[in-house]
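Participant: Sharing input-v5.txt (compact mmCIF, C-alpha atoms) below.
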# COMPACT_ATOMS: atom_id res chain seq x y z
CA MET N 1 69.59 14.92 -81.83
CA ALA N 2 72.28 12.63 -83.22
CA THR N 3 71.65 8.88 -83.15
CA LEU N 4 73.97 5.91 -82.83
CA ALA N 5 73.50 5.28 -86.54
CA ASP N 6 74.66 8.85 -87.29
CA VAL N 7 77.82 8.28 -85.25
CA ALA N 8 78.50 4.99 -87.06
CA ARG N 9 78.10 6.63 -90.49
CA ARG N 10 80.38 9.54 -89.57
CA ALA N 11 83.06 7.15 -88.25
CA GLY N 12 82.68 4.71 -91.14
CA VAL N 13 81.95 1.72 -88.91
CA SER N 14 79.00 -0.55 -88.20
CA THR N 15 76.47 0.43 -85.54
CA ALA N 16 77.51 -2.65 -83.56
CA THR N 17 81.14 -1.48 -83.48
CA ALA N 18 80.12 2.06 -82.51
CA SER N 19 77.90 0.69 -79.75
CA ARG N 20 80.68 -1.51 -78.33
CA ILE N 21 83.09 1.42 -78.16
CA ILE N 22 80.60 3.87 -76.67
CA ASN N 23 79.27 1.38 -74.13
CA GLY N 24 82.70 0.22 -72.99
CA SER N 25 82.42 -3.36 -74.23
CA SER N 26 85.27 -5.70 -73.30
CA LYS N 27 85.47 -6.95 -76.89
CA PRO N 28 88.76 -5.60 -78.34
CA VAL N 29 88.81 -2.95 -81.07
CA THR N 30 91.75 -1.18 -82.67
CA ASP N 31 92.90 2.19 -81.38
CA GLU N 32 92.25 3.66 -84.82
CA LEU N 33 88.58 2.61 -84.76
CA ARG N 34 88.15 3.83 -81.19
CA THR N 35 89.60 7.23 -82.11
CA ARG N 36 87.28 7.59 -85.14
CA VAL N 37 84.16 6.70 -83.17
CA LEU N 38 84.96 8.99 -80.25
CA ALA N 39 85.76 11.82 -82.64
CA ALA N 40 82.36 11.32 -84.31
CA VAL N 41 80.68 11.36 -80.89
CA ALA N 42 82.34 14.71 -80.11
CA GLU N 43 81.57 16.23 -83.52
CA LEU N 44 77.90 15.20 -83.45
CA ARG N 45 77.50 15.88 -79.72
CA TYR N 46 75.97 12.42 -79.36
CA VAL N 47 74.42 11.67 -75.95
CA PRO N 48 74.15 7.91 -75.23
CA ASN N 49 70.85 6.48 -74.02
CA ALA N 50 71.41 5.61 -70.35
CA HIS N 51 68.89 2.77 -70.35
CA ALA N 52 70.42 1.22 -73.47
CA GLN N 53 73.86 1.48 -71.91
CA MET N 54 72.64 -0.28 -68.78
CA LEU N 55 71.28 -3.15 -70.84
CA ALA N 56 74.49 -3.37 -72.87
CA ARG N 57 76.82 -3.52 -69.91
CA SER N 58 77.36 -6.55 -67.74
CA ASN N 59 77.68 -4.36 -64.62
CA ARG N 60 74.79 -2.41 -63.14
CA ASN N 61 75.66 1.11 -62.09
CA ALA N 62 72.53 2.28 -60.23
CA VAL N 63 71.26 1.56 -56.73
CA GLY N 64 67.67 1.93 -55.58
CA VAL N 65 66.77 3.25 -52.12
CA LEU N 66 63.32 2.95 -50.57
CA VAL N 67 62.56 5.51 -47.87
CA HIS N 68 59.25 6.39 -46.28
CA ASP N 69 59.71 10.12 -46.83
CA VAL N 70 63.02 11.77 -47.73
CA SER N 71 61.75 15.08 -46.29
CA ASP N 72 61.65 13.41 -42.86
CA PRO N 73 64.91 14.41 -41.09
CA TYR N 74 65.44 10.77 -40.05
CA PHE N 75 65.53 9.58 -43.66
CA ALA N 76 67.39 12.66 -44.85
CA GLU N 77 70.30 11.80 -42.53
CA ILE N 78 70.26 8.13 -43.54
CA THR N 79 70.16 9.10 -47.22
CA ARG N 80 73.20 11.30 -46.70
CA GLY N 81 75.17 8.25 -45.61
CA LEU N 82 73.77 6.07 -48.40
CA GLN N 83 74.75 8.59 -51.07
CA ARG N 84 78.19 9.16 -49.61
CA VAL N 85 79.15 5.49 -50.04
CA ALA N 86 77.36 5.09 -53.38
CA THR N 87 79.19 8.11 -54.79
CA ALA N 88 82.53 6.71 -53.63
CA HIS N 89 81.68 3.53 -55.59
CA GLY N 90 80.67 5.51 -58.69
CA ARG N 91 77.01 4.52 -58.38
CA LEU N 92 73.87 6.48 -59.18
CA VAL N 93 71.28 6.52 -56.37
CA ILE N 94 67.58 6.37 -57.24
CA ILE N 95 65.54 7.48 -54.21
CA CYS N 96 61.94 6.29 -53.97
CA ASN N 97 59.49 7.82 -51.48
CA THR N 98 56.98 5.16 -50.39
CA PHE N 99 55.05 7.30 -47.87
CA ARG N 100 54.65 4.20 -45.68
CA GLU N 101 52.38 2.52 -48.23
CA PRO N 102 53.22 -1.19 -48.72
CA ALA N 103 51.60 -1.24 -52.17
CA ARG N 104 53.81 1.63 -53.30
CA GLU N 105 56.90 -0.23 -52.02
CA LEU N 106 55.95 -3.24 -54.14
CA GLU N 107 55.58 -1.03 -57.22
CA TYR N 108 58.97 0.57 -56.67
CA ILE N 109 60.73 -2.77 -56.15
CA ASP N 110 59.26 -4.03 -59.44
CA LEU N 111 60.26 -0.80 -61.20
CA LEU N 112 63.82 -0.92 -59.86
CA HIS N 113 64.01 -4.60 -60.80
CA ALA N 114 62.94 -3.76 -64.36
CA HIS N 115 65.66 -1.10 -64.55
CA GLN N 116 68.26 -3.67 -63.48
CA VAL N 117 69.68 -1.72 -60.56
CA ALA N 118 72.64 -3.34 -58.86
CA ALA N 119 71.08 -3.28 -55.40
CA ILE N 120 68.11 -2.08 -53.40
CA VAL N 121 68.44 -0.65 -49.89
CA VAL N 122 65.20 -0.70 -47.93
CA ALA N 123 65.67 2.12 -45.44
CA GLY N 124 62.09 2.31 -44.19
CA SER N 125 60.69 0.31 -41.30
CA GLY N 126 59.30 -3.18 -41.73
CA TYR N 127 55.61 -3.86 -41.23
CA LEU N 128 53.91 -5.90 -38.52
CA SER N 129 51.31 -7.14 -41.02
CA SER N 130 52.31 -10.61 -42.18
CA ASP N 131 50.57 -10.07 -45.56
CA ALA N 132 52.52 -6.89 -46.31
CA GLU N 133 55.83 -8.41 -45.25
CA THR N 134 55.18 -11.62 -47.22
CA GLU N 135 54.58 -9.71 -50.43
CA LEU N 136 57.66 -7.57 -49.90
CA HIS N 137 59.73 -10.67 -49.21
CA GLU N 138 58.55 -12.32 -52.43
CA ARG N 139 59.39 -9.27 -54.56
CA MET N 140 62.82 -8.86 -52.96
CA ALA N 141 63.57 -12.57 -53.35
CA ALA N 142 62.65 -12.38 -57.06
CA PHE N 143 65.04 -9.44 -57.47
CA GLU N 144 67.84 -11.40 -55.80
CA THR N 145 67.39 -14.36 -58.14
CA THR N 146 68.46 -12.11 -61.04
CA GLY N 147 71.70 -11.14 -59.30
CA GLY N 148 70.47 -8.05 -57.48
CA ARG N 149 71.54 -7.33 -53.92
CA ILE N 150 69.28 -6.40 -51.00
CA ALA N 151 70.19 -4.66 -47.74
CA VAL N 152 67.71 -3.43 -45.15
CA ILE N 153 67.79 -0.97 -42.27
CA GLY N 154 65.70 -2.02 -39.29
CA ARG N 155 63.65 -5.12 -38.56
CA HIS N 156 62.22 -6.83 -41.63
CA SER N 157 61.08 -10.40 -42.21
CA HIS N 158 63.17 -10.72 -45.38
CA THR N 159 66.43 -12.56 -44.73
CA SER N 160 69.18 -10.37 -46.13
CA ASP N 161 72.11 -8.24 -45.04
CA ALA N 162 70.80 -5.84 -42.43
CA VAL N 163 71.78 -2.89 -40.26
CA LEU N 164 69.78 -2.97 -37.03
CA PRO N 165 69.53 0.17 -34.88
CA ALA N 166 68.95 -0.54 -31.20
CA ASN N 167 65.36 0.69 -31.21
CA GLU N 168 64.19 -1.45 -28.29
CA GLU N 169 67.24 -0.57 -26.20
CA GLY N 170 66.80 3.11 -27.07
CA GLY N 171 63.20 3.01 -25.89
CA PHE N 172 64.33 1.44 -22.63
CA LEU N 173 66.98 4.13 -22.13
CA ALA N 174 64.39 6.90 -22.57
CA GLY N 175 61.93 5.24 -20.21
CA GLU N 176 64.55 4.43 -17.60
CA HIS N 177 65.73 8.04 -17.65
CA LEU N 178 62.23 9.43 -17.03
CA PHE N 179 61.38 6.96 -14.29
CA GLU N 180 64.72 7.54 -12.54
CA LEU N 181 63.86 11.24 -12.49
CA GLY N 182 60.83 10.32 -10.43
CA HIS N 183 58.12 10.55 -13.08
CA THR N 184 55.25 8.17 -12.41
CA ALA N 185 52.71 9.36 -14.99
CA VAL N 186 54.40 9.14 -18.40
CA GLY N 187 52.67 9.53 -21.74
CA VAL N 188 54.05 8.15 -25.01
CA ILE N 189 53.61 9.64 -28.46
CA ALA N 190 54.19 6.61 -30.63
CA GLY N 191 54.48 6.40 -34.41
CA PRO N 192 52.16 4.43 -36.71
CA ALA N 193 51.18 1.16 -35.03
CA ALA N 194 51.81 -0.88 -38.20
CA LEU N 195 55.60 -0.31 -38.18
CA THR N 196 58.21 -2.52 -36.54
CA THR N 197 60.19 0.58 -35.57
CA THR N 198 57.24 1.84 -33.52
CA ALA N 199 56.71 -1.57 -31.94
CA ASP N 200 60.38 -1.97 -30.98
CA ARG N 201 60.78 1.50 -29.46
CA LEU N 202 57.52 1.12 -27.58
CA ALA N 203 58.59 -2.32 -26.31
CA GLY N 204 61.69 -0.75 -24.76
CA LEU N 205 59.64 1.90 -23.00
CA ARG N 206 57.26 -0.73 -21.67
CA ARG N 207 60.16 -2.80 -20.39
CA ALA N 208 61.38 0.21 -18.42
CA ALA N 209 57.85 0.87 -17.11
CA GLU N 210 57.51 -2.73 -15.93
CA ALA N 211 60.87 -2.56 -14.19
CA HIS N 212 59.58 0.41 -12.19
CA GLY N 213 56.08 -0.94 -11.64
CA ARG N 214 54.48 1.73 -13.85
CA THR N 215 52.16 1.88 -16.85
CA LEU N 216 52.27 4.11 -19.90
CA ARG N 217 49.57 6.19 -21.60
CA VAL N 218 50.11 5.66 -25.33
CA VAL N 219 48.79 7.65 -28.30
CA HIS N 220 49.75 6.77 -31.89
CA ALA N 221 50.39 9.45 -34.51
CA ASP N 222 52.27 10.11 -37.73
CA PHE N 223 56.05 10.45 -37.36
CA THR N 224 55.71 14.20 -37.99
CA ARG N 225 55.83 17.45 -36.06
CA ASP N 226 52.09 18.01 -36.58
CA GLY N 227 51.33 14.44 -35.60
CA GLY N 228 53.25 14.96 -32.37
CA GLU N 229 51.44 18.19 -31.62
CA ALA N 230 48.01 16.61 -32.13
CA ALA N 231 48.91 13.56 -30.04
CA ALA N 232 50.33 15.71 -27.22
CA THR N 233 47.21 17.89 -27.21
CA LYS N 234 45.09 14.76 -26.77
CA LEU N 235 47.33 13.39 -24.01
CA LEU N 236 47.28 16.68 -22.11
CA ALA N 237 43.48 16.82 -22.31
CA ASP N 238 42.89 13.17 -21.41
CA GLU N 239 45.64 12.73 -18.80
CA PRO N 240 45.89 15.88 -16.63
CA ASP N 241 48.23 14.16 -14.17
CA LEU N 242 51.04 13.57 -16.69
CA THR N 243 54.46 14.90 -15.75
CA ALA N 244 56.49 13.56 -18.69
CA VAL N 245 56.12 12.60 -22.35
CA ALA N 246 58.32 10.30 -24.42
CA ALA N 247 58.02 10.84 -28.18
CA LEU N 248 59.32 8.10 -30.48
CA ASN N 249 61.06 10.57 -32.76
CA ASP N 250 62.33 14.12 -32.43
CA SER N 251 59.87 15.65 -34.90
CA MET N 252 56.97 14.48 -32.75
CA ALA N 253 58.78 15.72 -29.64
CA VAL N 254 59.06 19.20 -31.18
CA GLY N 255 55.33 19.10 -31.87
CA ALA N 256 54.73 18.08 -28.25
CA LEU N 257 56.71 21.09 -27.00
CA SER N 258 54.53 23.35 -29.14
CA ALA N 259 51.35 21.79 -27.75
CA MET N 260 52.57 22.36 -24.21
CA ARG N 261 53.25 26.02 -24.87
CA THR N 262 49.74 26.38 -26.28
CA CYS N 263 48.19 24.62 -23.28
CA GLY N 264 50.37 26.38 -20.73
CA ARG N 265 51.80 23.10 -19.44
CA ASN N 266 55.46 22.37 -18.65
CA LEU N 267 56.27 18.66 -18.79
CA SER N 268 59.52 16.79 -19.25
CA VAL N 269 59.88 15.65 -22.86
CA ALA N 270 62.24 13.07 -24.35
CA GLY N 271 62.68 12.43 -28.06
CA PHE N 272 64.34 9.78 -30.20
CA ASP N 273 67.03 9.89 -32.97
CA ASP N 274 68.83 13.06 -31.74
CA MET N 275 68.41 15.04 -34.93
CA PRO N 276 70.42 18.30 -35.22
CA ILE N 277 67.31 20.32 -34.34
CA ALA N 278 67.18 18.64 -30.92
CA ARG N 279 69.97 20.96 -29.73
CA ASP N 280 68.34 24.10 -31.08
CA VAL N 281 64.78 23.96 -29.75
CA THR N 282 63.90 25.53 -26.40
CA PRO N 283 64.39 23.77 -24.10
CA ALA N 284 67.12 21.70 -25.76
CA LEU N 285 65.72 18.22 -26.26
CA THR N 286 66.81 15.13 -24.37
CA SER N 287 66.91 12.41 -27.02
CA VAL N 288 68.07 8.89 -27.80
CA ARG N 289 70.90 9.20 -30.29
CA LEU N 290 71.27 6.91 -33.26
CA PRO N 291 74.13 7.55 -35.73
CA LEU N 292 71.79 7.90 -38.69
CA THR N 293 74.39 8.82 -41.31
CA GLU N 294 76.41 5.79 -40.24
CA LEU N 295 73.32 3.61 -40.61
CA GLY N 296 73.09 4.67 -44.24
CA GLU N 297 76.79 4.22 -44.88
CA ARG N 298 76.86 0.71 -43.46
CA ALA N 299 73.74 -0.38 -45.34
CA MET N 300 75.09 0.83 -48.67
CA GLN N 301 78.44 -0.84 -47.98
CA LEU N 302 76.66 -4.15 -47.37
CA ALA N 303 74.64 -3.71 -50.56
CA LEU N 304 77.67 -3.01 -52.75
CA ASP N 305 80.16 -5.46 -51.19
CA PRO N 306 78.68 -8.95 -51.53
CA PRO N 307 79.90 -11.66 -49.11
CA PRO N 308 81.62 -14.83 -50.35
CA PRO N 309 79.20 -17.29 -52.01
CA GLY N 310 77.34 -19.41 -49.47
CA SER N 311 77.91 -17.00 -46.59
CA PRO N 312 74.98 -16.30 -44.26
CA PRO N 313 73.41 -12.82 -44.29
CA ARG N 314 75.43 -10.23 -42.42
CA VAL N 315 73.82 -8.30 -39.58
CA GLU N 316 75.36 -5.16 -38.07
CA HIS N 317 73.99 -3.82 -34.79
CA ILE N 318 74.10 -0.08 -34.07
CA ARG N 319 74.01 1.04 -30.45
CA ALA N 320 71.78 3.75 -29.03
CA GLU N 321 72.85 6.42 -26.55
CA LEU N 322 70.76 8.71 -24.34
CA ILE N 323 71.72 12.39 -24.67
CA ARG N 324 70.51 14.37 -21.63
CA ARG N 325 69.54 18.00 -22.16
CA GLU N 326 67.29 20.61 -20.60
CA SER N 327 63.89 19.20 -21.65
CA THR N 328 63.82 16.59 -18.86
CA TRP N 329 64.16 17.26 -15.12
CA PRO N 330 63.38 15.57 -11.79
CA VAL N 331 59.88 15.63 -10.38
CA SER N 332 59.79 18.25 -7.62
If you convert what's in this file into structure tokens, what do you get?

Facilitator:
Amino acid sequence: MATLADVARRAGVSTATASRIINGSSKPVTDELRTRVLAAVAELRYVPNAHAQMLARSNRNAVGVLVHDVSDPYFAEITRGLQRVATAHGRLVIICNTFREPARELEYIDLLHAHQVAAIVVAGSGYLSSDAETELHERMAAFETTGGRIAVIGRHSHTSDAVLPANEEGGFLAGEHLFELGHTAVGVIAGPAALTTTADRLAGLRRAAEAHGRTLRVVHADFTRDGGEAAATKLLADEPDLTAVAALNDSMAVGALSAMRTCGRNLSVAGFDDMPIARDVTPALTSVRLPLTELGERAMQLALDPPPPGSPPRVEHIRAELIRRESTWPVS
């Protein structure tokens, strides 16, 4: 494989001059030199080292994205929006799966910092643990001191530009819908208890329950289809009087529908996020809609378009909407 020194020798220039031309340095060079170096690059089929280019340039051309699991439909939709905006800005997106492990998030932030990415978008939920959030805050603050930009999706303790989906309001909409249908015994399949997203959605459901003088039966599970199925199976066994279940994402709601078929029960089920699959399951799933692709687009826009110096962090709120379908019905 040809090296930079090979290109310089072929073009009859110094390695420093060849490097400036290849890496797009702003230092002026003659057209004749530029033509010779680029011709040597073509003849030798020289491939520049991307890391060396990044260090040589004053602008950073990559953006890091932290997601809990890109295979999760929630994060897949958000990532679609993130990539759409990054591509329009000519940026490379580096996606890091953290699998909801705070220690892994810290490692990725350090790694992205070392690679001098232009910005980091934290798309996964914040943590309720003060220790985990404090460590994340310190790493993100250190990244910002070197000129990097931070944007977050959801509730985090770090003060930065943020896009906040209406998780609490969405939980209230789901709960209000079920109680207005006459359900008095409602179970909740919640996500991991350590996440702010879980806490906020559950808070909305509890607010609706209090408004109607009711209580909720809550089981925590992974934000997965299998987690939802296991949690629903437990709820159905422990709470035989249930008439409705609210799942805090659509994947868990799909798992709950499967558990009900297995158990021969037919309860109203409401999901959250309104993923495309919500329309295709049987019965079609009532769900709280969040514009997930838009969440990603707005977060990446905040990350790549810095505010004027001295401006406070920008916060964009995204509304939730209840989409009624066939999976919920009035108590007979």

Participant: Go through stretch 187-294 of chain N and flag each residue having an atom no more than 9 Å from stretch 143-161 of chain N; for those, report the closest pair of atoms plus their distance in Å to one decimal, using all atoms listed in the file, ordered by chain and rising number, as CSV.

Facilitator:
residue,atom,partner,partner_atom,distance
N:Thr196,CA,N:Arg155,CA,6.4
N:Thr197,CA,N:Gly154,CA,7.1
N:Asp200,CA,N:Arg155,CA,8.8

Participant: Quick one: everything within 9 Å of N:Leu44, counting all atoms listed in the file, minus sequence neighbours fewer than 6 positions away in the same chain. Send it as a PyMOL selection string.

Facilitator: chain N and resi 1-3+6-7+10

Participant: Set the distance at 12 Å and use all atoms listed in the file: which residues neighbour N:Lys234 once local chain neighbours fewer than 2 positions away are removed? I'd like the list as a PyMOL selection string.

Facilitator: chain N and resi 187-189+217-221+227-232+236-240+242+256+259-260+263

Participant: Contacts of stretch 207-216 of chain N at 10 Å or less, counting all atoms listed in the file, minus same-chain residues fewer than 5 places along, as a list of chain:residue names?

Facilitator: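 That gives N:Glu168, N:Glu169, N:Gly171, N:Phe172, N:Leu173, N:Ala174, N:Gly175, N:Glu176, N:His177, N:Leu178, N:Phe179, N:Glu180, N:His183, N:Thr184, N:Ala185, N:Val186, N:Gly187, N:Val188, N:Leu202, N:Val245, N:Ala246.
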
Participant: Go ahead and compute the interatomic distance for atom CA of N:Ile95 and atom CA of N:Ile120, in Å to one decimal.

Facilitator: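 Atom CA of N:Ile95 sits 9.9 Å away from atom CA of N:Ile120.
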
Participant: Give, as AutoDock Vina command-line options, the centre coordinates and the x, y and z edge lengths in Å to one decimal for an axis-aligned box around all listed atoms of stretch 232-235 of chain N, padded by 8 Å on each side.

Facilitator:
--center_x 47.7 --center_y 15.6 --center_z -25.6 --size_x 21.2 --size_y 20.5 --size_z 19.2

Participant: For each of N:Ser332, N:Thr35, N:Thr79, N:Ser19, take the minimum atom-to-atom distance to N:Glu294, counting only C-alpha atoms, then give the residue where this is smallest.

Facilitator: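 Once distances to N:Glu294 are computed over only C-alpha atoms, the minimum belongs to N:Thr79.
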
Participant: How many Å lie between atom CA of N:Ala40 and atom CA of N:Ile21, rounded to one decimal?

Facilitator: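 Computing it gives 11.7 Å between the two atoms.
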
Participant: Counting only C-alpha atoms, which of N:Pro291, N:Gly182, N:Gly124, N:Pro28 gets nearest to N:Phe75?

Facilitator: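 Answer, going by the shortest atom-to-atom distance: N:Gly124.
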
Participant: For stretch 277-287 of chain N, please output as a list in words all residues within 8 Å (counting only C-alpha atoms; exclusion window: fewer than 2 positions along the same chain).

Facilitator: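 Once the adjacent positions are removed, what remains is Ala174, Asp250, Val254, Val269, Ala270, Gly271, Phe272, Asp273, Asp274, Met275, Arg289, Leu322, Ile323, Arg324, Arg325, Glu326, Ser327 and Thr328 of chain N.
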
Participant: Which is closest to N:Leu82 among N:Arg34, N:His137, N:Arg298, N:Arg319, if we use all atoms listed in the file?

Facilitator: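 The closest residue to N:Leu82 is N:Arg298.
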
Participant: Would you save stretch 190-277 of chain N from the block above with C-alpha atoms, as a CSV table (one decimal), in the first residue's frame?

Facilitator:
chain,number,residue,atom,x,y,z
N,190,ALA,CA,-42.8,-0.8,33.1
N,191,GLY,CA,-39.3,-0.7,31.7
N,192,PRO,CA,-36.1,-1.0,33.8
N,193,ALA,CA,-36.6,0.9,37.1
N,194,ALA,CA,-33.2,2.7,36.9
N,195,LEU,CA,-34.2,4.8,33.8
N,196,THR,CA,-35.7,8.3,33.8
N,197,THR,CA,-37.8,7.3,30.8
N,198,THR,CA,-39.5,4.6,32.8
N,199,ALA,CA,-40.0,6.8,35.8
N,200,ASP,CA,-41.5,9.6,33.8
N,201,ARG,CA,-43.9,7.4,31.8
N,202,LEU,CA,-44.9,5.6,35.0
N,203,ALA,CA,-45.5,9.0,36.8
N,204,GLY,CA,-48.0,10.0,34.1
N,205,LEU,CA,-49.9,6.8,34.5
N,206,ARG,CA,-50.0,7.2,38.3
N,207,ARG,CA,-51.2,10.8,37.9
N,208,ALA,CA,-54.1,9.5,35.8
N,209,ALA,CA,-54.8,6.7,38.4
N,210,GLU,CA,-54.9,9.2,41.2
N,211,ALA,CA,-57.3,11.4,39.3
N,212,HIS,CA,-59.7,8.5,39.1
N,213,GLY,CA,-59.1,7.2,42.6
N,214,ARG,CA,-57.4,4.0,41.4
N,215,THR,CA,-54.1,2.2,42.0
N,216,LEU,CA,-51.9,0.4,39.5
N,217,ARG,CA,-50.3,-3.0,39.6
N,218,VAL,CA,-46.7,-2.5,38.3
N,219,VAL,CA,-44.2,-5.1,37.1
N,220,HIS,CA,-40.8,-4.0,35.7
N,221,ALA,CA,-39.1,-5.7,32.8
N,222,ASP,CA,-36.7,-5.2,29.9
N,223,PHE,CA,-37.9,-2.9,27.1
N,224,THR,CA,-38.2,-6.0,24.9
N,225,ARG,CA,-40.9,-8.2,23.4
N,226,ASP,CA,-39.8,-11.1,25.6
N,227,GLY,CA,-39.6,-8.9,28.7
N,228,GLY,CA,-43.2,-7.8,28.0
N,229,GLU,CA,-44.4,-11.4,27.6
N,230,ALA,CA,-42.8,-12.5,30.9
N,231,ALA,CA,-44.1,-9.5,32.8
N,232,ALA,CA,-47.6,-10.0,31.4
N,233,THR,CA,-47.6,-13.7,32.3
N,234,LYS,CA,-46.7,-12.7,35.9
N,235,LEU,CA,-49.4,-10.0,36.0
N,236,LEU,CA,-52.1,-12.4,34.7
N,237,ALA,CA,-51.1,-15.1,37.2
N,238,ASP,CA,-50.9,-12.7,40.2
N,239,GLU,CA,-53.8,-10.4,39.4
N,240,PRO,CA,-56.7,-12.4,38.0
N,241,ASP,CA,-59.1,-9.4,38.1
N,242,LEU,CA,-57.1,-7.3,35.7
N,243,THR,CA,-59.1,-5.9,32.7
N,244,ALA,CA,-56.4,-3.8,31.1
N,245,VAL,CA,-52.6,-3.5,30.7
N,246,ALA,CA,-50.5,-0.5,29.9
N,247,ALA,CA,-47.0,-1.3,28.5
N,248,LEU,CA,-44.4,1.5,28.5
N,249,ASN,CA,-43.3,0.6,25.0
N,250,ASP,CA,-44.8,-1.1,22.0
N,251,SER,CA,-42.4,-4.1,22.0
N,252,MET,CA,-43.5,-5.0,25.5
N,253,ALA,CA,-47.1,-4.5,24.5
N,254,VAL,CA,-46.6,-7.0,21.7
N,255,GLY,CA,-45.2,-9.5,24.2
N,256,ALA,CA,-48.2,-8.9,26.4
N,257,LEU,CA,-50.6,-9.7,23.6
N,258,SER,CA,-48.7,-13.0,23.0
N,259,ALA,CA,-49.0,-13.9,26.7
N,260,MET,CA,-52.7,-13.3,26.7
N,261,ARG,CA,-53.2,-15.6,23.7
N,262,THR,CA,-51.2,-18.3,25.6
N,263,CYS,CA,-53.3,-17.8,28.8
N,264,GLY,CA,-56.6,-17.5,27.0
N,265,ARG,CA,-57.2,-14.0,28.4
N,266,ASN,CA,-58.5,-11.0,26.4
N,267,LEU,CA,-57.6,-7.7,28.1
N,268,SER,CA,-57.3,-4.2,26.8
N,269,VAL,CA,-53.7,-3.3,26.0
N,270,ALA,CA,-52.1,0.1,25.4
N,271,GLY,CA,-48.5,0.6,24.2
N,272,PHE,CA,-46.2,3.6,24.0
N,273,ASP,CA,-44.2,5.1,21.1
N,274,ASP,CA,-46.5,4.0,18.2
N,275,MET,CA,-44.0,2.0,16.3
N,276,PRO,CA,-45.0,0.9,12.7
N,277,ILE,CA,-45.7,-2.6,14.0
